[in-house]
Structure formats: C-alpha cells, structure tokens
Amino acid sequence: MQTDIDDEQGWASLAAGIADCLAAMDKGEYLIVGHKAVNYFVQFAAEGNNGILAEAVSNQFIEPLNAALTVEDYERMAALGWNGATCPPPIGRAARSPKGRCPNFSRKFRPPVELRELAELAVRTLREVYGIRTILELEYKAFSEAGTSIRFPLLSIGRRRGKRS
C-alpha cells in the first residue's frame with residue numbers, strides 16, 4: 001500500500017515513532033530523518049539534562065543545488081518556529097558560519113521536552129518545506145557519539161545504510 005501526502009495516518013505514525021525514538025535516546029545519541037535522494041533532513045541531538053537540539057538542513061548542505069530552498073521556504077521555516085540559518089536563500093552557501101551559530105535551522109528544546117510537539121515539527125518541516133510527498137521517500141540514521149549505530153526497528157521508515165550522513 002502506497003503512503004502519500006493524503007495519508008494522515010502514515011504521517012501520524014511517523015511522528016509518533018520519532019517521539020518514541022527521542023524518548024529512548026541517551027545523551028550523546030543522534031537521530032537523522034531524511035530523504036533518500038535529496039539531502040533534506042531533520043536531525044536531533046540528545047543532550048541529557050540539557051534537552052534536545054533539533055536542526056533542519058539549510059541551503060548550506062542541500063544537494064543537489066537545484067533542490068535549494070527559496071526565500072518563501074526560509075520564511076515558512078521561521079513561521080514553523082525554527083531559528084534562522086546563517087546561510088541566506090536562494091543558494092546561500094557560506095564559507096563558514098559565524099562563531100557559535102548553526103548553519104542549519106535550529107531549535108533548542110529544554111526539559112521537559114514535549115517530544116510529540118518536536119516530532120510533529122519535524123514532520124511538518126519534511127512535508128511543508130521540503131515537499132516530501134510520502135514517508136516511503138524517507139530513511140533514518142541513528143548513532144552515538146562513539147559512532148555506534150542505533151536501530152529503531154519500530155520506526156515506520158527504513159534505516160540508511162552506508163556512510164552518507
């Protein structure tokens with residue numbers, strides 16, 4: 001059965017799965033949910049008692065270049081509640097970010113983290129900004145600071161193989 005943009009149950013299942021994964025993560029563990037072909041992704045870094053840092057890719061890292069976000073996409077990211085990326089649209093590739101600034105869109109979630117809200121923000125970003133039409137286009141990668149791979153078998157998307165991050 002194909003899941004498409006109108007399959008709210010599939011997207012709701014993905015959001016619930018992301019929230020469950022985030023709840024299971026320990027400090028120093030990471031989860032990246034992204035498109036299989038285009039470098040669109042949201043990622044999460046568990047910071048223990050400091051909460052979770054969430055990021056969504058900006059034009060600094062989007063490949064291929066013809067998939068770059070528009071000015072309107074950047075405005076949509078702000079409307080969703082993301083902090084601005086240091087690379088302006090439409091292409092916006094900076095040599096490096098200003099000290100202490102994230103080149104991607106970011107948002108810090110302090111404890112107690114509303115995991116469902118965070119997961120729903122990720123899903124909305126994937127759908128509304130990156131234009132992902134089906135969860136079948138997505139995959140995940142999860143790992144620890146030490147590089148140990150983490151499996152989330154109940155997440156409703158496949159696991160990324162290989163070194164691509």
# chains A, B, ... in the order shown; residues from 1 in each chain; ligands from 1
>>> residues_around(residues="A:Tyr30", least_positions_apart="6", cutoff="12 Å", atoms="only C-alpha atoms", output="ChimeraX atom specification")
/A:18,21-24,42-48,52-55,140-152,165
>>> atom_distance(atom1="atom CA of A:Asp7", atom2="atom CA of A:Glu120")
15.0 Å
>>> atom_distance(atom1="atom CA of A:Arg107", atom2="atom CA of A:Ala119")
12.5 Å
>>> select_by_dssp(residues="stretch 41-146 of chain A", states="strand (DSSP E)", output="PyMOL selection string")
chain A and resi 41-46+52-56+105-109+138-144
>>> residues_around(residues="A:Asn50", least_positions_apart="3", cutoff="10 Å", atoms="only C-alpha atoms", output="JSON, numbers by chain")
{"A": [27, 46, 47, 53, 108, 109, 110, 111, 112, 113]}
>>> write_last_selection(atoms="N, CA, C and O atoms", output="mmCIF file, in the first residue's frame")
data_model
loop_
_atom_site.group_PDB
_atom_site.id
_atom_site.type_symbol
_atom_site.label_atom_id
_atom_site.label_comp_id
_atom_site.auth_asym_id
_atom_site.auth_seq_id
_atom_site.Cartn_x
_atom_site.Cartn_y
_atom_site.Cartn_z
ATOM 1 N N LYS A 27 21.980 10.763 26.301
ATOM 2 C CA LYS A 27 22.890 11.865 25.999
ATOM 3 C C LYS A 27 23.976 11.384 25.032
ATOM 4 O O LYS A 27 24.534 10.304 25.186
ATOM 5 N N ALA A 46 20.520 14.342 21.373
ATOM 6 C CA ALA A 46 20.103 14.224 22.768
ATOM 7 C C ALA A 46 21.206 14.800 23.652
ATOM 8 O O ALA A 46 22.366 14.404 23.539
ATOM 9 N N GLU A 47 20.835 15.737 24.507
ATOM 10 C CA GLU A 47 21.811 16.409 25.364
ATOM 11 C C GLU A 47 21.539 16.174 26.845
ATOM 12 O O GLU A 47 21.854 17.015 27.686
ATOM 13 N N LEU A 53 18.676 19.206 20.977
ATOM 14 C CA LEU A 53 18.915 20.188 19.934
ATOM 15 C C LEU A 53 18.388 19.602 18.639
ATOM 16 O O LEU A 53 18.767 18.498 18.249
ATOM 17 N N LYS A 108 16.409 24.707 20.137
ATOM 18 C CA LYS A 108 16.777 24.007 21.356
ATOM 19 C C LYS A 108 15.505 23.743 22.161
ATOM 20 O O LYS A 108 14.711 24.652 22.392
ATOM 21 N N PHE A 109 15.316 22.485 22.544
ATOM 22 C CA PHE A 109 14.165 22.097 23.365
ATOM 23 C C PHE A 109 14.686 21.740 24.751
ATOM 24 O O PHE A 109 15.398 20.757 24.917
ATOM 25 N N ARG A 110 14.354 22.558 25.723
ATOM 26 C CA ARG A 110 14.807 22.359 27.110
ATOM 27 C C ARG A 110 13.822 21.462 27.854
ATOM 28 O O ARG A 110 12.630 21.446 27.546
ATOM 29 N N PRO A 111 14.318 20.738 28.865
ATOM 30 C CA PRO A 111 13.432 19.865 29.646
ATOM 31 C C PRO A 111 12.370 20.675 30.385
ATOM 32 O O PRO A 111 12.660 21.795 30.801
ATOM 33 N N PRO A 112 11.207 20.116 30.550
ATOM 34 C CA PRO A 112 10.772 18.834 29.995
ATOM 35 C C PRO A 112 10.408 19.006 28.514
ATOM 36 O O PRO A 112 9.599 19.861 28.159
ATOM 37 N N VAL A 113 11.027 18.223 27.675
ATOM 38 C CA VAL A 113 10.823 18.320 26.232
ATOM 39 C C VAL A 113 9.480 17.709 25.861
ATOM 40 O O VAL A 113 9.166 16.583 26.252
#
>>> select_by_dssp(residues="stretch 13-160 of chain A", states="alpha helix (DSSP H)", output="short mmCIF file (atom, residue, chain, number, x, y, z; two decimals) with C-alpha atoms, in the first residue's frame")
data_model
loop_
_atom_site.label_atom_id
_atom_site.label_comp_id
_atom_site.auth_asym_id
_atom_site.auth_seq_id
_atom_site.Cartn_x
_atom_site.Cartn_y
_atom_site.Cartn_z
CA SER A 13 2.60 7.11 12.75
CA LEU A 14 5.92 8.60 11.71
CA ALA A 15 5.52 11.47 14.20
CA ALA A 16 4.67 9.01 16.99
CA GLY A 17 7.66 6.86 16.04
CA ILE A 18 10.03 9.83 16.09
CA ALA A 19 8.72 10.85 19.52
CA ASP A 20 9.27 7.28 20.80
CA CYS A 21 12.82 7.26 19.41
CA LEU A 22 13.61 10.59 21.04
CA ALA A 23 12.30 9.29 24.36
CA ALA A 24 14.66 6.30 24.13
CA VAL A 71 13.01 32.76 0.15
CA GLU A 72 9.45 31.57 0.82
CA ASP A 73 10.77 28.29 2.24
CA TYR A 74 13.01 30.22 4.64
CA GLU A 75 10.00 32.30 5.70
CA ARG A 76 7.99 29.10 6.26
CA MET A 77 10.78 27.72 8.47
CA ALA A 78 10.57 30.86 10.63
CA ALA A 79 6.77 30.56 10.77
CA LEU A 80 7.14 26.96 11.98
CA LEU A 115 8.51 15.06 22.38
CA ARG A 116 5.28 14.88 20.41
CA GLU A 117 5.46 18.61 19.60
CA LEU A 118 9.08 18.21 18.48
CA ALA A 119 8.25 15.18 16.32
CA GLU A 120 5.30 16.99 14.74
CA LEU A 121 7.55 19.97 13.95
CA ALA A 122 9.93 17.58 12.16
CA VAL A 123 7.11 16.00 10.15
CA ARG A 124 5.64 19.38 9.19
#
>>> closest_residue(among="A:Trp82, A:Tyr130, A:Trp11, A:Phe105", to="A:Gln60", atoms="only C-alpha atoms")
A:Phe105
>>> closest_residue(among="A:Val57, A:Leu31, A:Ile157, A:Ala12", to="A:Thr125", atoms="only C-alpha atoms")
A:Val57
>>> decode(residues="stretch 7-161 of chain A", atoms="C-alpha atoms", output="compact mmCIF listing (two decimals), in the first residue's frame")
# COMPACT_ATOMS: atom_id res chain seq x y z
CA ASP A 7 -2.33 9.52 4.20
CA GLU A 8 -2.51 11.31 7.51
CA GLN A 9 -2.30 8.01 9.40
CA GLY A 10 1.14 7.28 7.90
CA TRP A 11 2.45 10.70 8.80
CA ALA A 12 0.93 10.50 12.29
CA SER A 13 2.60 7.11 12.75
CA LEU A 14 5.92 8.60 11.71
CA ALA A 15 5.52 11.47 14.20
CA ALA A 16 4.67 9.01 16.99
CA GLY A 17 7.66 6.86 16.04
CA ILE A 18 10.03 9.83 16.09
CA ALA A 19 8.72 10.85 19.52
CA ASP A 20 9.27 7.28 20.80
CA CYS A 21 12.82 7.26 19.41
CA LEU A 22 13.61 10.59 21.04
CA ALA A 23 12.30 9.29 24.36
CA ALA A 24 14.66 6.30 24.13
CA MET A 25 17.77 8.31 23.27
CA ASP A 26 20.52 8.91 25.81
CA LYS A 27 22.89 11.87 26.00
CA GLY A 28 25.28 11.87 23.05
CA GLU A 29 22.95 10.00 20.70
CA TYR A 30 21.67 11.30 17.39
CA LEU A 31 18.75 10.66 15.07
CA ILE A 32 18.60 11.93 11.47
CA VAL A 33 15.42 11.56 9.40
CA GLY A 34 15.91 12.44 5.76
CA HIS A 35 15.05 11.99 2.14
CA LYS A 36 16.64 9.04 0.35
CA ALA A 37 17.78 11.02 -2.73
CA VAL A 38 17.90 14.73 -1.86
CA ASN A 39 19.82 15.93 1.18
CA TYR A 40 16.69 17.16 3.01
CA PHE A 41 16.77 16.19 6.68
CA VAL A 42 15.90 16.97 10.26
CA GLN A 43 18.23 15.80 12.98
CA PHE A 44 18.16 15.54 16.73
CA ALA A 45 20.97 15.52 19.29
CA ALA A 46 20.10 14.22 22.77
CA GLU A 47 21.81 16.41 25.36
CA GLY A 48 20.71 14.67 28.56
CA ASN A 49 19.59 17.15 31.22
CA ASN A 50 20.05 19.97 28.71
CA GLY A 51 17.27 18.68 26.44
CA ILE A 52 17.39 18.11 22.70
CA LEU A 53 18.91 20.19 19.93
CA ALA A 54 16.95 19.91 16.69
CA GLU A 55 18.24 21.03 13.30
CA ALA A 56 16.75 21.17 9.81
CA VAL A 57 19.01 21.44 6.80
CA SER A 58 19.58 24.80 5.14
CA ASN A 59 20.88 25.59 1.69
CA GLN A 60 24.43 25.29 3.06
CA PHE A 61 24.18 21.49 2.78
CA ILE A 62 21.32 20.77 0.36
CA GLU A 63 22.34 18.66 -2.62
CA PRO A 64 21.63 18.76 -5.50
CA LEU A 65 21.81 22.54 -5.84
CA ASN A 66 18.60 22.67 -7.88
CA ALA A 67 16.80 21.46 -4.72
CA ALA A 68 17.79 24.59 -2.78
CA LEU A 69 15.17 26.28 -0.63
CA THR A 70 13.53 29.52 -1.73
CA VAL A 71 13.01 32.76 0.15
CA GLU A 72 9.45 31.57 0.82
CA ASP A 73 10.77 28.29 2.24
CA TYR A 74 13.01 30.22 4.64
CA GLU A 75 10.00 32.30 5.70
CA ARG A 76 7.99 29.10 6.26
CA MET A 77 10.78 27.72 8.47
CA ALA A 78 10.57 30.86 10.63
CA ALA A 79 6.77 30.56 10.77
CA LEU A 80 7.14 26.96 11.98
CA GLY A 81 9.35 28.19 14.83
CA TRP A 82 12.84 27.34 13.62
CA ASN A 83 15.70 29.73 14.41
CA GLY A 84 17.19 31.15 11.22
CA ALA A 85 20.03 29.54 9.34
CA THR A 86 23.20 31.54 8.78
CA CYS A 87 23.06 30.94 5.02
CA PRO A 88 20.58 33.15 3.17
CA PRO A 89 18.43 31.89 0.30
CA PRO A 90 18.18 31.12 -2.52
CA ILE A 91 21.51 29.26 -2.72
CA GLY A 92 23.31 30.69 0.29
CA ARG A 93 26.49 28.70 0.69
CA ALA A 94 28.70 30.37 3.27
CA ALA A 95 32.38 29.60 3.63
CA ARG A 96 31.70 29.12 7.34
CA SER A 97 29.19 30.14 9.95
CA PRO A 98 29.75 32.95 12.41
CA LYS A 99 31.19 31.67 15.69
CA GLY A 100 28.54 29.92 17.75
CA ARG A 101 25.92 29.99 15.00
CA CYS A 102 24.45 26.97 13.35
CA PRO A 103 24.49 26.94 9.53
CA ASN A 104 21.21 24.98 9.62
CA PHE A 105 17.85 25.98 11.02
CA SER A 106 17.86 25.02 14.68
CA ARG A 107 15.82 24.95 17.82
CA LYS A 108 16.78 24.01 21.36
CA PHE A 109 14.16 22.10 23.36
CA ARG A 110 14.81 22.36 27.11
CA PRO A 111 13.43 19.86 29.65
CA PRO A 112 10.77 18.83 30.00
CA VAL A 113 10.82 18.32 26.23
CA GLU A 114 7.43 17.96 24.59
CA LEU A 115 8.51 15.06 22.38
CA ARG A 116 5.28 14.88 20.41
CA GLU A 117 5.46 18.61 19.60
CA LEU A 118 9.08 18.21 18.48
CA ALA A 119 8.25 15.18 16.32
CA GLU A 120 5.30 16.99 14.74
CA LEU A 121 7.55 19.97 13.95
CA ALA A 122 9.93 17.58 12.16
CA VAL A 123 7.11 16.00 10.15
CA ARG A 124 5.64 19.38 9.19
CA THR A 125 9.08 20.55 8.09
CA LEU A 126 9.61 17.46 5.94
CA ARG A 127 6.20 17.83 4.32
CA GLU A 128 5.58 21.57 4.14
CA VAL A 129 9.05 22.94 3.46
CA TYR A 130 10.99 20.10 1.86
CA GLY A 131 7.92 18.91 -0.06
CA ILE A 132 8.27 15.23 0.77
CA ARG A 133 5.13 13.54 -0.51
CA THR A 134 5.39 10.09 1.04
CA ILE A 135 7.07 8.52 4.03
CA LEU A 136 8.40 5.92 1.60
CA GLU A 137 10.86 8.61 0.43
CA LEU A 138 12.38 8.77 3.91
CA GLU A 139 15.01 6.87 5.84
CA TYR A 140 16.74 7.33 9.17
CA LYS A 141 20.19 7.08 10.64
CA ALA A 142 20.83 6.88 14.38
CA PHE A 143 24.15 6.65 16.17
CA SER A 144 26.07 7.55 19.33
CA GLU A 145 28.97 9.98 19.75
CA ALA A 146 31.28 6.97 19.57
CA GLY A 147 29.85 6.15 16.13
CA THR A 148 27.90 3.09 17.24
CA SER A 149 24.85 2.57 15.06
CA ILE A 150 21.47 2.57 16.82
CA ARG A 151 18.47 0.69 15.45
CA PHE A 152 14.88 1.80 15.86
CA PRO A 153 13.02 -1.15 14.30
CA LEU A 154 9.58 0.22 15.13
CA LEU A 155 10.15 3.48 13.25
CA SER A 156 7.91 3.39 10.17
CA ILE A 157 10.75 4.19 7.74
CA GLY A 158 13.84 2.28 6.65
CA ARG A 159 17.33 2.61 8.05
CA ARG A 160 20.05 4.32 5.99
CA ARG A 161 22.92 2.09 5.01
